[in-house]
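Pasting structure18.txt here (compact mmCIF, C-alpha atoms):
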# COMPACT_ATOMS: atom_id res chain seq x y z
CA MET M 65 -2.64 -7.87 -10.23
CA ARG M 66 -1.51 -4.26 -10.01
CA PHE M 67 2.17 -3.35 -9.57
CA GLY M 68 3.52 0.10 -8.73
CA THR M 69 5.75 2.20 -6.53
CA SER M 70 5.11 4.29 -3.44
CA ALA M 71 5.25 7.78 -4.98
CA PHE M 72 6.40 8.51 -8.52
CA THR M 73 9.26 10.91 -7.75
CA ALA M 74 12.44 10.45 -5.72
CA ALA M 75 16.05 11.58 -5.56
CA GLY M 76 18.00 9.31 -7.86
CA TRP M 77 15.20 8.46 -10.28
CA PRO M 78 16.16 11.05 -12.95
CA GLY M 79 18.73 9.33 -15.14
CA THR M 80 17.83 5.85 -13.85
CA PHE M 81 14.07 5.49 -14.21
CA TYR M 82 13.24 8.83 -15.80
CA PRO M 83 15.27 10.00 -18.81
CA GLN M 84 17.93 12.52 -17.87
CA GLY M 85 16.64 16.03 -18.45
CA MET M 86 12.95 15.12 -18.40
CA LYS M 87 10.80 17.82 -16.84
CA PRO M 88 9.16 16.82 -13.53
CA ALA M 89 5.80 17.79 -15.03
CA ASP M 90 6.22 14.87 -17.44
CA TYR M 91 7.14 12.26 -14.83
CA LEU M 92 3.67 10.89 -14.19
CA SER M 93 2.85 10.46 -17.88
CA PHE M 94 6.12 8.56 -18.35
CA TYR M 95 5.53 6.49 -15.21
CA ALA M 96 2.08 5.45 -16.44
CA GLN M 97 3.66 3.97 -19.57
CA HIS M 98 5.51 1.45 -17.37
CA PHE M 99 3.23 0.74 -14.41
CA ASP M 100 -0.56 0.67 -14.11
CA THR M 101 -0.88 2.03 -10.58
CA VAL M 102 0.89 4.29 -8.10
CA GLU M 103 0.58 4.87 -4.38
CA VAL M 104 0.58 8.63 -3.80
CA ASP M 105 2.57 9.58 -0.72
CA SER M 106 2.08 13.36 -0.81
CA THR M 107 -1.55 13.07 0.33
CA TYR M 108 -0.25 11.99 3.74
CA TYR M 109 0.85 15.57 4.33
CA ALA M 110 -2.26 17.33 3.05
CA THR M 111 -5.36 16.88 0.93
CA PRO M 112 -4.37 17.64 -2.67
CA SER M 113 -5.82 20.62 -4.49
CA VAL M 114 -8.50 20.26 -7.13
CA ARG M 115 -5.94 21.28 -9.74
CA THR M 116 -3.50 18.60 -8.61
CA VAL M 117 -6.09 15.82 -8.83
CA GLN M 118 -7.20 17.03 -12.24
CA GLY M 119 -3.57 16.94 -13.34
CA TRP M 120 -3.15 13.35 -12.18
CA ASP M 121 -6.23 12.39 -14.16
CA ALA M 122 -5.10 14.21 -17.30
CA LYS M 123 -1.62 12.64 -17.28
CA THR M 124 -2.69 9.01 -16.99
CA PRO M 125 -4.51 6.70 -19.40
CA PRO M 126 -7.86 4.97 -18.85
CA GLY M 127 -7.43 1.97 -16.59
CA PHE M 128 -4.66 3.51 -14.51
CA LEU M 129 -5.38 3.40 -10.76
CA PHE M 130 -4.27 5.68 -7.94
CA ALA M 131 -3.88 4.61 -4.35
CA ALA M 132 -3.34 7.37 -1.82
CA LYS M 133 -2.54 7.75 1.85
CA VAL M 134 -5.18 9.35 4.05
CA PRO M 135 -3.76 12.59 5.55
CA GLN M 136 -1.80 12.39 8.79
CA SER M 137 -4.28 14.77 10.41
CA VAL M 138 -6.71 11.84 10.40
CA THR M 139 -4.39 8.89 11.08
CA HIS M 140 -1.65 10.32 13.29
CA GLU M 141 -2.85 13.56 14.85
CA LYS M 142 -6.53 12.98 15.62
CA ILE M 143 -6.16 9.18 15.41
CA LEU M 144 -9.51 8.49 13.71
CA ALA M 145 -11.62 10.57 16.12
CA GLY M 146 -13.07 14.05 15.66
CA CYS M 147 -11.80 14.21 12.09
CA ASP M 148 -15.01 13.86 10.08
CA ASP M 149 -14.67 17.11 8.15
CA GLU M 150 -11.10 16.69 6.94
CA PHE M 151 -11.64 13.02 6.16
CA LYS M 152 -14.78 13.78 4.14
CA GLU M 153 -12.96 16.53 2.23
CA PHE M 154 -10.10 14.17 1.38
CA VAL M 155 -12.34 11.34 0.20
CA GLU M 156 -14.46 13.63 -1.95
CA ARG M 157 -11.35 15.21 -3.46
CA MET M 158 -9.94 11.82 -4.38
CA GLN M 159 -13.29 10.72 -5.81
CA MET M 160 -12.72 13.33 -8.51
CA LEU M 161 -10.51 10.67 -10.10
CA GLY M 162 -13.62 8.64 -10.88
CA GLN M 163 -12.76 5.17 -12.14
CA LYS M 164 -9.06 5.88 -11.62
CA LEU M 165 -9.45 5.85 -7.85
CA GLY M 166 -8.02 2.59 -6.58
CA VAL M 167 -7.53 2.39 -2.80
CA LEU M 168 -7.30 4.88 0.07
CA LEU M 169 -4.78 3.76 2.67
CA LEU M 170 -5.24 4.40 6.39
CA GLN M 171 -1.60 4.07 7.43
CA LEU M 172 -1.40 4.07 11.21
CA PRO M 173 1.80 4.42 13.25
CA TYR M 174 3.09 2.09 15.92
CA PHE M 175 1.08 3.17 18.94
CA ASN M 176 2.81 2.84 22.30
CA ALA M 177 1.11 2.07 25.60
CA ALA M 178 0.67 5.76 26.33
CA THR M 179 -1.77 5.99 23.41
CA PHE M 180 -3.48 2.61 23.62
CA ALA M 181 -2.71 0.35 26.58
CA LYS M 182 -3.78 -2.72 24.64
CA GLY M 183 -5.20 -3.82 21.33
CA ASP M 184 -8.78 -3.80 22.57
CA ASP M 185 -8.47 -0.11 23.38
CA PHE M 186 -7.34 0.53 19.83
CA LEU M 187 -10.25 -1.48 18.43
CA GLN M 188 -12.69 0.61 20.46
CA ARG M 189 -11.32 3.67 18.67
CA LEU M 190 -11.19 1.97 15.28
CA GLU M 191 -14.64 0.36 15.19
CA PRO M 192 -16.84 3.50 14.98
CA PHE M 193 -14.53 4.97 12.34
CA ILE M 194 -14.67 1.82 10.21
CA LYS M 195 -18.45 1.61 10.50
CA LYS M 196 -18.80 5.17 9.16
CA LEU M 197 -16.65 4.67 6.07
CA PRO M 198 -18.44 5.73 2.88
CA GLU M 199 -19.68 3.08 0.49
CA GLY M 200 -18.24 2.70 -2.97
CA VAL M 201 -14.62 3.45 -2.03
CA ARG M 202 -11.90 0.88 -1.37
CA PHE M 203 -10.06 1.33 1.92
CA ALA M 204 -7.05 -0.48 3.35
CA LEU M 205 -5.83 -0.32 6.95
CA GLU M 206 -2.18 -0.63 7.94
CA ILE M 207 -1.14 -1.26 11.52
CA ARG M 208 2.41 -1.70 12.78
CA ASN M 209 1.88 -3.71 15.94
CA LYS M 210 1.91 -7.44 15.23
CA HIS M 211 0.16 -8.20 18.51
CA TRP M 212 -2.95 -6.42 17.25
CA LEU M 213 -3.39 -8.82 14.32
CA THR M 214 -6.30 -10.64 15.90
CA GLN M 215 -9.43 -12.36 14.69
CA ARG M 216 -11.49 -9.53 16.14
CA LEU M 217 -9.62 -7.05 13.93
CA PHE M 218 -10.01 -9.28 10.88
CA ASP M 219 -13.74 -9.67 11.51
CA LEU M 220 -14.22 -5.92 11.91
CA LEU M 221 -12.43 -5.15 8.65
CA ARG M 222 -14.25 -7.93 6.82
CA SER M 223 -17.62 -6.61 8.00
CA ARG M 224 -17.03 -3.46 5.95
CA GLY M 225 -14.87 -4.88 3.17
CA VAL M 226 -11.75 -3.03 4.34
CA ALA M 227 -8.47 -4.69 3.38
CA LEU M 228 -5.80 -5.37 5.96
CA ALA M 229 -2.61 -4.01 4.42
CA LEU M 230 0.02 -6.75 4.33
CA ILE M 231 3.42 -5.16 4.80
CA ASP M 232 7.02 -6.32 4.57
CA HIS M 233 8.40 -4.45 7.54
CA PRO M 234 10.83 -5.48 10.31
CA TRP M 235 8.18 -5.08 13.00
CA MET M 236 5.59 -7.26 11.28
CA PRO M 237 5.20 -11.01 10.61
CA ARG M 238 6.48 -12.73 7.49
CA PRO M 239 3.81 -14.03 5.05
CA ALA M 240 3.80 -17.59 6.40
CA GLU M 241 3.33 -16.34 9.97
CA LEU M 242 0.55 -14.03 8.81
CA ALA M 243 -1.25 -16.95 7.21
CA ALA M 244 -0.99 -18.91 10.45
CA ARG M 245 -2.91 -16.18 12.29
CA GLY M 246 -6.05 -16.77 10.23
CA ASP M 247 -7.58 -15.55 7.02
CA VAL M 248 -5.98 -12.15 6.60
CA VAL M 249 -7.74 -11.42 3.31
CA THR M 250 -10.56 -9.22 4.59
CA ALA M 251 -11.89 -7.70 1.34
CA ASP M 252 -12.33 -8.51 -2.34
CA PHE M 253 -8.91 -6.96 -2.90
CA CYS M 254 -5.56 -7.30 -1.18
CA TYR M 255 -3.12 -4.47 -0.47
CA VAL M 256 0.59 -5.32 -0.20
CA ARG M 257 3.41 -2.90 0.66
CA PHE M 258 7.13 -3.60 0.44
CA LEU M 259 8.49 -1.15 3.03
CA GLY M 260 11.74 -2.50 4.46
CA ASP M 261 13.84 -1.07 7.27
CA ARG M 262 13.95 2.70 6.74
CA LYS M 263 16.57 3.39 9.42
CA ALA M 264 18.95 0.66 8.28
CA ILE M 265 18.88 1.53 4.60
CA GLU M 266 19.22 5.27 5.20
CA GLU M 267 22.49 4.53 6.98
CA ARG M 268 23.72 3.28 3.58
CA THR M 269 22.07 5.66 1.14
CA LYS M 270 19.55 8.43 0.70
CA ILE M 271 19.78 8.52 -3.08
CA TRP M 272 17.38 5.98 -4.51
CA ASN M 273 19.03 5.19 -7.83
CA GLN M 274 19.93 1.51 -7.49
CA THR M 275 19.21 -1.70 -5.64
CA ILE M 276 21.51 -2.09 -2.64
CA VAL M 277 19.66 -4.83 -0.72
CA ASP M 278 18.99 -8.18 -2.38
CA ARG M 279 15.32 -8.93 -1.74
CA ARG M 280 14.85 -11.84 -4.14
CA VAL M 281 14.20 -14.37 -1.36
CA GLU M 282 11.61 -12.19 0.37
CA LEU M 283 9.90 -11.21 -2.87
CA SER M 284 9.74 -14.85 -3.98
CA GLU M 285 7.89 -15.62 -0.76
CA TRP M 286 5.49 -12.75 -1.39
CA ALA M 287 4.96 -13.82 -5.01
CA LYS M 288 3.87 -17.25 -3.83
CA VAL M 289 1.45 -15.86 -1.26
CA CYS M 290 0.04 -13.28 -3.69
CA TYR M 291 -0.54 -15.97 -6.28
CA GLN M 292 -2.44 -18.01 -3.72
CA VAL M 293 -4.57 -15.00 -2.83
CA LYS M 294 -5.23 -14.22 -6.49
CA SER M 295 -6.49 -17.77 -7.02
CA ARG M 296 -9.42 -16.81 -4.77
CA GLY M 297 -10.52 -14.15 -7.25
CA VAL M 298 -9.02 -11.31 -5.24
CA THR M 299 -7.51 -8.25 -6.95
CA ILE M 300 -4.04 -7.45 -5.61
CA PHE M 301 -2.41 -4.04 -5.34
CA ALA M 302 1.34 -4.24 -4.62
CA TYR M 303 3.60 -1.23 -4.04
CA ALA M 304 7.36 -0.98 -3.50
CA ASN M 305 9.00 1.74 -1.43
CA ASN M 306 12.53 2.93 -2.14
CA HIS M 307 13.49 2.00 1.41
CA TYR M 308 12.80 -1.66 0.72
CA ALA M 309 15.79 -2.36 -1.50
CA GLY M 310 17.10 1.01 -2.69
CA HIS M 311 15.18 1.70 -5.90
CA GLY M 312 11.40 1.28 -6.06
CA PRO M 313 11.08 0.73 -9.83
CA ALA M 314 13.72 -2.03 -9.77
CA THR M 315 11.89 -3.74 -6.91
CA VAL M 316 8.65 -3.69 -8.89
CA ARG M 317 10.35 -5.13 -11.96
CA LEU M 318 11.88 -7.93 -9.90
CA PHE M 319 8.55 -8.71 -8.30
CA GLN M 320 6.89 -8.77 -11.72
CA GLU M 321 9.54 -11.25 -12.87
CA LEU M 322 9.01 -13.47 -9.83
CA TRP M 323 5.25 -13.18 -10.24
CA SER M 324 5.53 -14.35 -13.84
CA ASP M 325 7.71 -17.27 -12.73
CA GLN M 326 5.13 -18.19 -10.11
CA GLU M 327 2.32 -18.17 -12.66
CA LYS M 328 4.32 -20.49 -14.90
CA SER M 329 5.29 -22.93 -12.16
CA VAL M 330 2.02 -23.27 -10.26
CA ARG M 331 -0.72 -25.30 -11.87
CA ASP M 332 -3.21 -26.09 -9.09
CA PRO M 333 -5.27 -23.39 -7.31
CA LEU M 334 -4.09 -22.80 -3.74
CA THR M 335 -5.28 -20.85 -0.74
CA ILE M 336 -3.37 -18.67 1.63
CA ASP M 337 -3.82 -21.37 4.25
CA ASP M 338 -1.27 -23.46 2.35
CA ALA M 339 1.44 -20.83 2.72

Can the structure in the file be given as structure tokens, please?
Amino acid sequence: MRFGTSAFTAAGWPGTFYPQGMKPADYLSFYAQHFDTVEVDSTYYATPSVRTVQGWDAKTPPGFLFAAKVPQSVTHEKILAGCDDEFKEFVERMQMLGQKLGVLLLQLPYFNAATFAKGDDFLQRLEPFIKKLPEGVRFALEIRNKHWLTQRLFDLLRSRGVALALIDHPWMPRPAELAARGDVVTADFCYVRFLGDRKAIEERTKIWNQTIVDRRVELSEWAKVCYQVKSRGVTIFAYANNHYAGHGPATVRLFQELWSDQEKSVRDPLTIDDA
């Protein structure tokens, strides 16, 4: 089980998570003393430089794992077609991390009918891209249209060992509803993201220094489901966004606490079908 935050810098973290006065250059090293993985958000905007990737490697200990978003040029602008060169460059750049490379996330937007009239049209675009994914790299796919969570999608992802990203987001099903749709574990790892309602929380704050939304009930539900998935021998990566509750590090700590409680209370192996 890997716990971390989405990004390792944010307004409000200095003085709450990071010691006041700490230099930003020291943030990642400090972060890696508390969590064993991070989801890098900056790669969404552009492929990182060689120097940047080397810096990430140098500032983290052996065993630390990086997840990273695939650039928006691939997922949002070209939408998985005609993007071979930039995608290849990104993957190869991230492979410089060696054993510290965890998962590469294909985060797709909510596509309206003007882009894809129906889910089958989307799958026709997705399938050739998935089939060309390089071996030896973990990939996760995030979609934000609950109607596209079909057995055909699950089978396609499973055929290449790509994880369906399970997200806590107002547009998407709760864990129990997800489980009712079929076996949503499509790889030998599971990728979970606590995202929340960005618009709603930004009406209350844009400084991410404290928890302002109580997510204990939701996280307890996720802890149960994640424990059930883990009992199948699946590695789990779980990341908390600031927009979920107000302060990513606090969300991770709460989830770790609930995860520990779940491990203590559950004695018999379960499957996600029991959720």

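For the choices M:Met160, M:Leu169, M:Val117, M:Val249, the atom-to-atom distance to Asp105 in chain M is smallest for M:Leu169 when using all atoms listed in the file.
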
Residue among M:Leu168, M:Ala302, M:Val138, M:Leu322 lying closest to Phe99 in chain M, counting only C-alpha atoms: M:Ala302

Shell around Leu283 in chain M at 12 Å using all atoms listed in the file, local window under 6 positions removed, as a PyMOL selection string: chain M and resi 231-232+238-239+256-260+277+289-291+302-304+308-309+315-323+325-326

Residues just named, written with C-alpha atoms as a PDB file, in the frame of the given file:
ATOM      1  CA  ILE M 231       3.420  -5.160   4.800  1.00  0.00           C
ATOM      2  CA  ASP M 232       7.020  -6.320   4.570  1.00  0.00           C
ATOM      3  CA  ARG M 238       6.480 -12.730   7.490  1.00  0.00           C
ATOM      4  CA  PRO M 239       3.810 -14.030   5.050  1.00  0.00           C
ATOM      5  CA  VAL M 256       0.590  -5.320  -0.200  1.00  0.00           C
ATOM      6  CA  ARG M 257       3.410  -2.900   0.660  1.00  0.00           C
ATOM      7  CA  PHE M 258       7.130  -3.600   0.440  1.00  0.00           C
ATOM      8  CA  LEU M 259       8.490  -1.150   3.030  1.00  0.00           C
ATOM      9  CA  GLY M 260      11.740  -2.500   4.460  1.00  0.00           C
ATOM     10  CA  VAL M 277      19.660  -4.830  -0.720  1.00  0.00           C
ATOM     11  CA  VAL M 289       1.450 -15.860  -1.260  1.00  0.00           C
ATOM     12  CA  CYS M 290       0.040 -13.280  -3.690  1.00  0.00           C
ATOM     13  CA  TYR M 291      -0.540 -15.970  -6.280  1.00  0.00           C
ATOM     14  CA  ALA M 302       1.340  -4.240  -4.620  1.00  0.00           C
ATOM     15  CA  TYR M 303       3.600  -1.230  -4.040  1.00  0.00           C
ATOM     16  CA  ALA M 304       7.360  -0.980  -3.500  1.00  0.00           C
ATOM     17  CA  TYR M 308      12.800  -1.660   0.720  1.00  0.00           C
ATOM     18  CA  ALA M 309      15.790  -2.360  -1.500  1.00  0.00           C
ATOM     19  CA  THR M 315      11.890  -3.740  -6.910  1.00  0.00           C
ATOM     20  CA  VAL M 316       8.650  -3.690  -8.890  1.00  0.00           C
ATOM     21  CA  ARG M 317      10.350  -5.130 -11.960  1.00  0.00           C
ATOM     22  CA  LEU M 318      11.880  -7.930  -9.900  1.00  0.00           C
ATOM     23  CA  PHE M 319       8.550  -8.710  -8.300  1.00  0.00           C
ATOM     24  CA  GLN M 320       6.890  -8.770 -11.720  1.00  0.00           C
ATOM     25  CA  GLU M 321       9.540 -11.250 -12.870  1.00  0.00           C
ATOM     26  CA  LEU M 322       9.010 -13.470  -9.830  1.00  0.00           C
ATOM     27  CA  TRP M 323       5.250 -13.180 -10.240  1.00  0.00           C
ATOM     28  CA  ASP M 325       7.710 -17.270 -12.730  1.00  0.00           C
ATOM     29  CA  GLN M 326       5.130 -18.190 -10.110  1.00  0.00           C
TER      30      GLN M 326
END

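Of the listed residues M:Gly76, M:Gly68, M:Gly200, M:Pro112, the one whose atoms come nearest to Ala96 in chain M is M:Gly68, with distances taken using only C-alpha atoms.
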
Pick from M:His233, M:His307, M:Lys196, M:Arg245, whichever lies nearest to Thr214 in chain M using all atoms listed in the file: M:Arg245

Phe203 in chain M surroundings by all atoms listed in the file, 9 Å radius, close-in-sequence under 3 positions cut, as number ranges by chain: M: 166-170, 197, 225-228

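Of the listed residues M:Ala264, M:Val201, M:Val248, M:Ala89, the one whose atoms come nearest to Leu221 in chain M is M:Val248, with distances taken using all atoms listed in the file.
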
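Each of M:Ala240, M:His311, M:Arg280, M:Ala122 was compared to Ser70 in chain M using all atoms listed in the file, and M:His311 turns out to be the nearest.
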
Residues within 12 Å of Thr139 in chain M, all atoms listed in the file, excluding chain neighbours under 3 positions, as a ChimeraX atom specification: /M:107-110,133-136,142-148,150-151,169-175,189-190,193,205-207

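Here CA of Phe180 in chain M and CA of Asn209 in chain M stand 11.3 Å from one another.
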
Work out where the centre of an axis-aligned box around every listed atom of range 102-114 of chain M lies and how long its edges are once 5 Å is added on each side; give both in Å to one decimal as AutoDock Vina command-line options.
--center_x -3.0 --center_y 12.5 --center_z -1.9 --size_x 21.1 --size_y 26.3 --size_z 22.4

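Taking CA of Ile271 in chain M and CA of Phe67 in chain M as the two end points, the separation is 22.2 Å.
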
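The space separating CA of Tyr95 in chain M from CA of Asp261 in chain M comes to 25.1 Å.
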
Shell of 9 Å around Gly297 in chain M, all atoms listed in the file, local chain residues under 4 positions omitted, as a list of chain:residue names: M:Asp252, M:Phe253, M:Val293

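Residues in contact range of Ala75 in chain M, defined as at most 10 Å between all atoms listed in the file, with sequence neighbours fewer than 3 positions away removed, read M:Pro78, M:Lys270, M:Ile271, M:Trp272, M:Asn273, M:Asn306, M:His311.
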